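Data first, discussion second: the structure below is written as structure tokens.
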Amino acid sequence: MKSGFVAIIGRPNAGKSTLLNGILDRKVAIVSERPQTTRNRISGILTLDEAQIVFLDTPGIHKPKHKMGRYMVDIAKNTLSDVDIIYYVVDASVPFGGGENFVLERIREVKTPIFLILNKLDLLEKEDAVNLINEWKLRAEFAEIFFISALKMENTGDLLKSTIAQLEEGPQYYPEDAVTDQPEQIVISEFIREKILKYTKEEVPHSVAVAIEKMETKKNGVTYINACIYVERNSQKKIVIGKDGIGLKRVGSEARRDIEFLLGTRVFLDLWVKVKDDWRNKDGFLTELGIKTE
């Protein structure tokens with residue numbers, strides 16, 4: 001059997017988490033139209049007859065504006081030396097700019113084979129796609145270049161075939177039915193945050209964190225979960241809760257369905273919202289959330 005580790009990097013909102021979920025045919029990373037959705041290094045595990053591939057979905061590489069942003073970028077950069085292949089995902093529908101150049105500067109010295117993945121093929125004309133590939137060939141050297149649609153899972157079969165061909169013989173790191181190595185509480189907190197990102201206004205998303213305070217499956221087969229949603233201002237708390245609590249109820253209802261699918265049990269989800277001023281710049285709290293490690 002072949003086995004190895006693949007890091008998925010790129011700018012925020014390039015489609016990294018969508019690609020990972022599509023490859024696994026299972027949701028392990030949250031997806032949102034908001035940039036910088038992924039905050040931790042999420043591991044997804046694909047086991048086939050001939051190979052086991054462990055994917056590391058990293059936070060988007062960007063110019064950070066606070067401590068949380070710096071830790072997120074460090075997570076992405078530190079991953080590059082620990083893997084066998086790097087998937088560099090680019091939103092092909094967006095013109096090349098300073099943000100993409102920022103990423104290129106950080107991977108030029110990396111010796112790990114890099115697969116350039118030009119995502120959102122479905123949004124481009126064929127002639128534009130060919131021109132784009134030629135432009136990227138002039139910017140850096142890549143082991144291979146792929147044009148895909150992560151949303152529609154177009155051309156991802158060739159990507160996986162080339163990935164397996166690149167890997168060497170190795171052990172099976174995880175049981176064949178494993179999909180992620182993330183603790184259930186981390187995945188659950190991310191499912192809740194995804195629903196908040198879906199429904200809140202522009203001023204809220206990056207100021208939201210979710211912590212699981214208590215989780216217990218009782219004899220009746222129901223899993224009881226208490227989760228706290230942290231925001232930075234009272235105005236954000238009002239937005240998350242919504243008029244007559246309808247916003248929080250909607251988040252809880254949708255998150256519960258994802259959690260029940262993950263756990264395979266009925267779930268009672270209790271949510272409440274607290275204000276924690278400037279939490280994105282507080283080391284202790286970022287450590288509690290698992291964004292910063294000691």
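A note on labels: chains of the structure tokens are A, B, ... as shown, every chain counts residues from 1, and ligands are counted from 1 in their shown order.
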
| message | At a cut-off of 12 Å, using only C-alpha atoms, what residues contact Ile259 (chain A)? Leave out same-chain residues fewer than 5 positions from it and give the result as a PyMOL selection string. | response | chain A and resi 27-28+184-192+195+215+222-225+252-254+264-269

Store the residues picked out above in a file with N, CA and C atoms, as an mmCIF file, in the first residue's frame.
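And here is the file that came out, selection_31.cif:
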```cif
data_model
loop_
_atom_site.group_PDB
_atom_site.id
_atom_site.type_symbol
_atom_site.label_atom_id
_atom_site.label_comp_id
_atom_site.auth_asym_id
_atom_site.auth_seq_id
_atom_site.Cartn_x
_atom_site.Cartn_y
_atom_site.Cartn_z
ATOM 1 N N LYS A 27 -18.364 15.471 4.977
ATOM 2 C CA LYS A 27 -18.061 16.799 5.494
ATOM 3 C C LYS A 27 -17.181 16.701 6.733
ATOM 4 N N VAL A 28 -15.949 17.226 6.627
ATOM 5 C CA VAL A 28 -15.071 17.309 7.797
ATOM 6 C C VAL A 28 -14.610 18.745 8.022
ATOM 7 N N GLU A 184 -14.144 15.025 18.242
ATOM 8 C CA GLU A 184 -15.531 15.315 17.900
ATOM 9 C C GLU A 184 -15.950 16.718 18.333
ATOM 10 N N GLN A 185 -15.480 17.170 19.482
ATOM 11 C CA GLN A 185 -15.898 18.474 19.974
ATOM 12 C C GLN A 185 -15.408 19.602 19.069
ATOM 13 N N ILE A 186 -14.218 19.442 18.483
ATOM 14 C CA ILE A 186 -13.708 20.451 17.558
ATOM 15 C C ILE A 186 -14.571 20.504 16.307
ATOM 16 N N VAL A 187 -14.896 19.329 15.757
ATOM 17 C CA VAL A 187 -15.722 19.279 14.550
ATOM 18 C C VAL A 187 -17.104 19.862 14.822
ATOM 19 N N ILE A 188 -17.679 19.540 15.968
ATOM 20 C CA ILE A 188 -19.010 20.044 16.321
ATOM 21 C C ILE A 188 -19.004 21.560 16.462
ATOM 22 N N SER A 189 -17.982 22.096 17.125
ATOM 23 C CA SER A 189 -17.905 23.554 17.280
ATOM 24 C C SER A 189 -17.784 24.238 15.927
ATOM 25 N N GLU A 190 -17.081 23.598 14.984
ATOM 26 C CA GLU A 190 -16.937 24.164 13.651
ATOM 27 C C GLU A 190 -18.257 24.107 12.875
ATOM 28 N N PHE A 191 -19.033 23.038 13.047
ATOM 29 C CA PHE A 191 -20.340 22.960 12.398
ATOM 30 C C PHE A 191 -21.238 24.105 12.856
ATOM 31 N N ILE A 192 -21.187 24.420 14.148
ATOM 32 C CA ILE A 192 -21.993 25.517 14.680
ATOM 33 C C ILE A 192 -21.525 26.846 14.109
ATOM 34 N N LYS A 195 -22.748 27.632 10.558
ATOM 35 C CA LYS A 195 -24.113 28.141 10.420
ATOM 36 C C LYS A 195 -24.195 29.620 10.795
ATOM 37 N N MET A 215 -20.515 17.884 26.888
ATOM 38 C CA MET A 215 -21.058 16.955 25.899
ATOM 39 C C MET A 215 -21.197 15.586 26.564
ATOM 40 N N VAL A 222 -29.609 9.908 23.688
ATOM 41 C CA VAL A 222 -29.538 11.296 23.226
ATOM 42 C C VAL A 222 -28.228 11.929 23.704
ATOM 43 N N THR A 223 -27.540 12.624 22.799
ATOM 44 C CA THR A 223 -26.320 13.339 23.160
ATOM 45 C C THR A 223 -26.675 14.788 23.478
ATOM 46 N N TYR A 224 -26.360 15.218 24.692
ATOM 47 C CA TYR A 224 -26.649 16.575 25.151
ATOM 48 C C TYR A 224 -25.371 17.410 25.023
ATOM 49 N N ILE A 225 -25.475 18.515 24.310
ATOM 50 C CA ILE A 225 -24.309 19.370 24.050
ATOM 51 C C ILE A 225 -24.619 20.802 24.471
ATOM 52 N N GLY A 252 -28.993 26.715 15.582
ATOM 53 C CA GLY A 252 -29.054 25.470 16.342
ATOM 54 C C GLY A 252 -29.726 24.344 15.582
ATOM 55 N N SER A 253 -30.809 24.666 14.882
ATOM 56 C CA SER A 253 -31.550 23.648 14.140
ATOM 57 C C SER A 253 -30.715 23.049 13.013
ATOM 58 N N GLU A 254 -30.034 23.904 12.247
ATOM 59 C CA GLU A 254 -29.228 23.416 11.124
ATOM 60 C C GLU A 254 -27.973 22.702 11.603
ATOM 61 N N GLY A 264 -24.295 9.949 14.811
ATOM 62 C CA GLY A 264 -25.190 8.806 14.680
ATOM 63 C C GLY A 264 -26.149 8.667 15.847
ATOM 64 N N THR A 265 -26.413 9.770 16.570
ATOM 65 C CA THR A 265 -27.360 9.764 17.682
ATOM 66 C C THR A 265 -28.285 10.967 17.570
ATOM 67 N N ARG A 266 -29.369 10.945 18.313
ATOM 68 C CA ARG A 266 -30.185 12.158 18.456
ATOM 69 C C ARG A 266 -29.398 13.152 19.302
ATOM 70 N N VAL A 267 -29.589 14.439 19.028
ATOM 71 C CA VAL A 267 -28.807 15.473 19.705
ATOM 72 C C VAL A 267 -29.726 16.546 20.274
ATOM 73 N N PHE A 268 -29.464 16.914 21.516
ATOM 74 C CA PHE A 268 -30.076 18.098 22.116
ATOM 75 C C PHE A 268 -28.981 19.148 22.219
ATOM 76 N N LEU A 269 -29.142 20.238 21.491
ATOM 77 C CA LEU A 269 -28.094 21.259 21.412
ATOM 78 C C LEU A 269 -28.553 22.539 22.102
#
```

Which residues come within 7 Å of Glu50 (chain A), counting only C-alpha atoms, excluding same-chain residues fewer than 2 positions away, as a PDB file with C-alpha atoms, in the first residue's frame?
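Full text of part_11.pdb as output:
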```
ATOM      1  CA  MET A   1       0.000   0.000   0.000  1.00  0.00           C
ATOM      2  CA  LYS A   2       1.071   3.566  -0.649  1.00  0.00           C
ATOM      3  CA  LEU A  48      -8.535   3.271  -0.942  1.00  0.00           C
TER       4      LEU A  48
END
```

| query | At what distance in Å, to one decimal, does CA of Leu118 (chain A) lie from CA of Glu169 (chain A)? | reply | 28.1 Å

| said: Residues near Glu154 (chain A), anyone? I mean within 10 Å using only C-alpha atoms, not counting same-chain ones fewer than 6 positions away, as a ChimeraX atom specification. | reply: /A:119-122,147-148

Let's have the selection written as a PDB file, in the first residue's frame, with N, CA and C atoms.
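Generated output (selection.pdb):
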```
ATOM      1  N   ASN A 119      -8.713  26.223  -9.416  1.00  0.00           N
ATOM      2  CA  ASN A 119     -10.081  25.849  -9.077  1.00  0.00           C
ATOM      3  C   ASN A 119     -11.105  26.766  -9.755  1.00  0.00           C
ATOM      4  N   LYS A 120     -12.340  26.298  -9.787  1.00  0.00           N
ATOM      5  CA  LYS A 120     -13.494  27.016 -10.349  1.00  0.00           C
ATOM      6  C   LYS A 120     -13.444  27.035 -11.876  1.00  0.00           C
ATOM      7  N   LEU A 121     -13.062  25.881 -12.437  1.00  0.00           N
ATOM      8  CA  LEU A 121     -13.036  25.681 -13.883  1.00  0.00           C
ATOM      9  C   LEU A 121     -14.386  26.002 -14.511  1.00  0.00           C
ATOM     10  N   ASP A 122     -15.461  25.720 -13.783  1.00  0.00           N
ATOM     11  CA  ASP A 122     -16.804  25.916 -14.313  1.00  0.00           C
ATOM     12  C   ASP A 122     -17.140  27.382 -14.571  1.00  0.00           C
ATOM     13  N   PHE A 147      -6.619  21.714 -13.632  1.00  0.00           N
ATOM     14  CA  PHE A 147      -7.764  22.618 -13.670  1.00  0.00           C
ATOM     15  C   PHE A 147      -8.966  21.830 -13.184  1.00  0.00           C
ATOM     16  N   ILE A 148      -9.610  22.274 -12.112  1.00  0.00           N
ATOM     17  CA  ILE A 148     -10.718  21.510 -11.541  1.00  0.00           C
ATOM     18  C   ILE A 148     -11.879  22.425 -11.163  1.00  0.00           C
TER      19      ILE A 148
END
```

| request: Find the residue from A:Ala14, A:Met153, A:Ile114, A:Val54 that sits nearest to Ala92 (chain A); use only C-alpha atoms when measuring. | output: A:Ala14

| request: Would you mind telling me which residue in A:Gln52, A:Thr217, A:Thr112, A:Gln172 lies nearest to Leu80 (chain A) when using only C-alpha atoms? | output: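 Between A:Gln52, A:Thr217, A:Thr112, A:Gln172, the residue approaching Leu80 (chain A) most closely is A:Thr112.
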
| Where in region 43-266 of chain A does DSSP assign alpha helix (DSSP H), given as a PyMOL selection string? | chain A and resi 67-79+98-107+126-139+156-166+184-199+234-241+246-263

| Atom-to-atom span, CA of Leu286 (chain A) and CA of Asn234 (chain A), Å |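 Computed distance, CA of Leu286 (chain A) to CA of Asn234 (chain A), equals 20.2 Å.
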
| task | Extract, using only C-alpha atoms, all DNA, RNA and protein residues at most 6 Å from Ser3 (chain A), discarding same-chain residues fewer than 5 positions from it, and format them as a PyMOL selection string. | result | chain A and resi 51-53+170

Resulting file, chosen residues, N, CA and C atoms, as a compact mmCIF listing (two decimals), in the first residue's frame:
```txt
# COMPACT_ATOMS: atom_id res chain seq x y z
N ALA A 51 -4.11 2.82 -1.54
CA ALA A 51 -3.41 3.91 -0.84
C ALA A 51 -4.25 4.50 0.28
N GLN A 52 -3.54 5.11 1.24
CA GLN A 52 -4.20 5.94 2.26
C GLN A 52 -3.56 7.32 2.21
N ILE A 53 -4.40 8.33 1.99
CA ILE A 53 -3.91 9.71 1.89
C ILE A 53 -4.49 10.51 3.05
N GLY A 170 4.09 2.74 2.03
CA GLY A 170 4.14 3.11 3.44
C GLY A 170 3.05 2.43 4.23
```

| said: Report, in Å to a single decimal, how far apart CA of Val6 (chain A) and CA of Asp84 (chain A) are. | reply: 6.0 Å

| said: Env of Ala211 (chain A): 9 Å cut, atoms = only C-alpha atoms, seq-sep filter 4 positions within chain, self excluded. Answer as a VMD selection string. | reply: chain A and resid 185 to 186 189 226 to 230 288 to 289

| said: Ranking A:Asp25, A:Glu213, A:Ala129, A:Gln236 by minimum distance to Asp270 (chain A) and counting only C-alpha atoms, which one comes first? | reply: A:Glu213

| request: Go through A:Ile45, A:Leu24, A:Ile85, A:Ile246 one by one, measure the shortest atom-to-atom distance of each to Gln182 (chain A) using only C-alpha atoms, and give the residue with the smallest value. | output: A:Ile45

| field | DSSP strand (DSSP E or B) selection over region 110-293 of chain A, as a PyMOL selection string | value | chain A and resi 114-119+144-147+149+154+169+180+209-217+222-231+266-275

Same residues, N, CA and C atoms, saved as a compact mmCIF listing (two decimals), in the first residue's frame:
```txt
# COMPACT_ATOMS: atom_id res chain seq x y z
N ILE A 114 4.88 20.37 -5.46
CA ILE A 114 3.69 21.21 -5.38
C ILE A 114 2.81 20.97 -6.60
N PHE A 115 1.55 20.59 -6.35
CA PHE A 115 0.56 20.48 -7.41
C PHE A 115 -0.24 21.79 -7.42
N LEU A 116 -0.15 22.53 -8.51
CA LEU A 116 -0.96 23.74 -8.65
C LEU A 116 -2.36 23.33 -9.08
N ILE A 117 -3.36 23.72 -8.30
CA ILE A 117 -4.75 23.37 -8.60
C ILE A 117 -5.53 24.65 -8.87
N LEU A 118 -5.82 24.87 -10.13
CA LEU A 118 -6.60 26.04 -10.54
C LEU A 118 -8.07 25.68 -10.42
N ASN A 119 -8.71 26.22 -9.42
CA ASN A 119 -10.08 25.85 -9.08
C ASN A 119 -11.11 26.77 -9.75
N GLU A 144 3.00 19.40 -11.03
CA GLU A 144 1.91 19.22 -12.00
C GLU A 144 0.91 20.35 -11.84
N ILE A 145 0.11 20.57 -12.89
CA ILE A 145 -0.93 21.60 -12.87
C ILE A 145 -2.26 20.96 -13.24
N PHE A 146 -3.29 21.28 -12.46
CA PHE A 146 -4.62 20.72 -12.70
C PHE A 146 -5.65 21.85 -12.73
N PHE A 147 -6.62 21.71 -13.63
CA PHE A 147 -7.76 22.62 -13.67
C PHE A 147 -8.97 21.83 -13.18
N SER A 149 -12.99 21.81 -10.85
CA SER A 149 -14.08 22.47 -10.14
C SER A 149 -14.30 21.68 -8.87
N GLU A 154 -15.15 18.14 -10.75
CA GLU A 154 -14.71 17.91 -12.11
C GLU A 154 -13.18 17.83 -12.16
N GLU A 169 5.57 3.69 -1.03
CA GLU A 169 5.01 2.62 -0.20
C GLU A 169 5.15 3.01 1.27
N THR A 180 -11.53 11.46 9.76
CA THR A 180 -10.77 12.58 10.30
C THR A 180 -10.17 12.19 11.64
N ALA A 209 -16.38 32.85 17.82
CA ALA A 209 -15.73 31.60 18.18
C ALA A 209 -16.75 30.73 18.90
N VAL A 210 -16.59 29.42 18.82
CA VAL A 210 -17.51 28.50 19.48
C VAL A 210 -16.72 27.52 20.33
N ALA A 211 -17.14 27.36 21.57
CA ALA A 211 -16.50 26.41 22.49
C ALA A 211 -17.54 25.44 23.03
N ILE A 212 -17.25 24.16 23.00
CA ILE A 212 -18.15 23.15 23.57
C ILE A 212 -17.86 23.05 25.06
N GLU A 213 -18.82 23.44 25.86
CA GLU A 213 -18.64 23.46 27.32
C GLU A 213 -18.90 22.09 27.95
N LYS A 214 -19.87 21.35 27.39
CA LYS A 214 -20.23 20.04 27.95
C LYS A 214 -20.84 19.18 26.86
N MET A 215 -20.51 17.88 26.89
CA MET A 215 -21.06 16.95 25.90
C MET A 215 -21.20 15.59 26.56
N GLU A 216 -22.41 15.04 26.54
CA GLU A 216 -22.66 13.79 27.24
C GLU A 216 -23.77 13.01 26.54
N THR A 217 -23.53 11.74 26.27
CA THR A 217 -24.56 10.85 25.73
C THR A 217 -25.16 10.06 26.88
N VAL A 222 -29.61 9.91 23.69
CA VAL A 222 -29.54 11.30 23.23
C VAL A 222 -28.23 11.93 23.70
N THR A 223 -27.54 12.62 22.80
CA THR A 223 -26.32 13.34 23.16
C THR A 223 -26.68 14.79 23.48
N TYR A 224 -26.36 15.22 24.69
CA TYR A 224 -26.65 16.58 25.15
C TYR A 224 -25.37 17.41 25.02
N ILE A 225 -25.48 18.52 24.31
CA ILE A 225 -24.31 19.37 24.05
C ILE A 225 -24.62 20.80 24.47
N ASN A 226 -23.75 21.36 25.30
CA ASN A 226 -23.83 22.78 25.66
C ASN A 226 -22.68 23.50 24.98
N ALA A 227 -23.00 24.50 24.19
CA ALA A 227 -21.97 25.23 23.44
C ALA A 227 -22.13 26.72 23.65
N CYS A 228 -20.99 27.39 23.80
CA CYS A 228 -20.98 28.84 24.00
C CYS A 228 -20.42 29.51 22.75
N ILE A 229 -21.17 30.49 22.25
CA ILE A 229 -20.75 31.28 21.10
C ILE A 229 -20.18 32.60 21.62
N TYR A 230 -18.92 32.86 21.31
CA TYR A 230 -18.27 34.09 21.77
C TYR A 230 -18.21 35.12 20.64
N VAL A 231 -18.54 36.36 20.99
CA VAL A 231 -18.39 37.50 20.07
C VAL A 231 -17.65 38.60 20.80
N ARG A 266 -29.37 10.95 18.31
CA ARG A 266 -30.18 12.16 18.46
C ARG A 266 -29.40 13.15 19.30
N VAL A 267 -29.59 14.44 19.03
CA VAL A 267 -28.81 15.47 19.70
C VAL A 267 -29.73 16.55 20.27
N PHE A 268 -29.46 16.91 21.52
CA PHE A 268 -30.08 18.10 22.12
C PHE A 268 -28.98 19.15 22.22
N LEU A 269 -29.14 20.24 21.49
CA LEU A 269 -28.09 21.26 21.41
C LEU A 269 -28.55 22.54 22.10
N ASP A 270 -27.82 22.91 23.14
CA ASP A 270 -28.12 24.12 23.91
C ASP A 270 -27.06 25.18 23.61
N LEU A 271 -27.47 26.29 23.01
CA LEU A 271 -26.54 27.36 22.63
C LEU A 271 -26.80 28.63 23.44
N TRP A 272 -25.73 29.30 23.81
CA TRP A 272 -25.87 30.64 24.36
C TRP A 272 -24.72 31.50 23.86
N VAL A 273 -24.88 32.81 23.97
CA VAL A 273 -23.92 33.76 23.40
C VAL A 273 -23.34 34.64 24.49
N LYS A 274 -22.00 34.79 24.48
CA LYS A 274 -21.31 35.64 25.44
C LYS A 274 -20.41 36.64 24.72
N VAL A 275 -20.21 37.78 25.33
CA VAL A 275 -19.29 38.79 24.79
C VAL A 275 -17.94 38.64 25.46
```
